[in-house]
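Have a look at the structure below before the remarks.
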Amino acid sequence: MLYIIREYLTMVLEWLMAKAHFFAGETAEADIALDPFVLIALILAATLAMISGFWAGSVAASRRHGMWLHILLGMVLPFAYPVAILFTLDLHGAKEREQAKREKEEAAKAEQAERERVAQLAGRQAKEEEADAPVSYDRDYFKKIARDESGQLTGPWLIRYKDHNVCALHIVDCLDEVLVVEIETPGGDRQRIRIRYVLIESCEKA
């Protein structure tokens with residue numbers, strides 16, 4: 001781009017110099033005295049106008065806009081126009097691309113939010129189904145609740161079986177067919193009893 005601008009400027013300057021020589025010769029033959037300072041001022045003004053025009057054109061071309069209209073405006077408004085578009089002219093199509101990018105990001109966020117909502121809904125449904133499912137008071141169930149995450153014994157547990165209610169201080173052992181728990185007798189002593197899994201109707205935290 002800079003090479004093209006330089007070539008245009010060189011061509012324009014050569015054309016201006018040729019015209020200046022031509023008019024100088026014509027005025028000399030006609031005995032017209034042309035003030036050299038006026039001629040220099042005209043050439044300088046034309047040169048600056050061309051520089052301004054091609055500067056505006058290069059700014060427009062670098063931002064993917066048509067350059068010739070901007071060259072003309074840059075020549076009409078020397079330096080003011082190229083400086084103005086230097087800070088105000090956006091990349092051609094940038095707003096559309098930015099809008100499309102925002103819409104894509106918003107669509108992706110909405111899709112992610114919908115997936116999370118569906119996952120949360122599925123999780124709640126699974127928990128509700130698990131809560132509604134009948135509990136099987138077997139060996140695995142009592143092994144799971146016998147100790148907490150730190151390995152400490154849990155309890156007390158209120159266990160109902162065969163129309164009896166016992167308060168188990170903690171679960172001692174989970175054998176194949178019977179549960180071994182420790183209870184407190186009316187006299188204050190501790191005693192271990194065995195309860196068959198098939199007889200247990202409920203178990204909850206006391």
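For the structure tokens, the naming scheme is as follows: chains receive sequential letters (A, B, ...) according to their order of presentation, residues are indexed from 1 within each chain, and ligands are indexed from 1 in presentation order.
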
Would you write out, as a Markdown table, a table of all residues in stretch 95-150 of chain A that have an atom no more than 12 Å from an atom of stretch 185-204 of chain A, listing for each the closest atom pair and the distance in Å to one decimal, considering only C-alpha atoms and ordering rows by chain and rising residue number?
```
| residue | atom | partner | partner_atom | distance |
| --- | --- | --- | --- | --- |
| A:Pro134 | CA | A:Ser202 | CA | 10.7 |
| A:Val135 | CA | A:Ser202 | CA | 8.6 |
| A:Ser136 | CA | A:Tyr197 | CA | 9.1 |
| A:Tyr137 | CA | A:Tyr197 | CA | 6.3 |
| A:Asp138 | CA | A:Tyr197 | CA | 5.6 |
| A:Arg139 | CA | A:Tyr197 | CA | 7.3 |
| A:Asp140 | CA | A:Tyr197 | CA | 10.6 |
| A:Tyr141 | CA | A:Tyr197 | CA | 10.1 |
| A:Phe142 | CA | A:Cys203 | CA | 9.3 |
| A:Ile145 | CA | A:Glu204 | CA | 10.2 |
| A:Ala146 | CA | A:Cys203 | CA | 11.8 |
```

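Those residues in stretch 121-181 of chain A carrying a DSSP assignment of strand (DSSP E), computed from the backbone, are Trp157, Leu158, Ile159, Arg160, Tyr161, His164, Asn165, Val166, Cys167, Ala168, Leu169, His170, Ile171, Val172, Asp173, Cys174, Val178, Leu179, Val180 and Val181 of chain A.
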
Spatial neighbours of A:Ala80, 9 Å, only C-alpha atoms, chain gap at least 5 places, as an MDAnalysis selection string: chainID A and resid 52 74 85

Nearest residue to A:Ala206 from the set A:Leu69, A:Leu158, A:Met11, A:Val172 (distances using only C-alpha atoms):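 Among the listed residues, A:Leu158 lies closest to A:Ala206.
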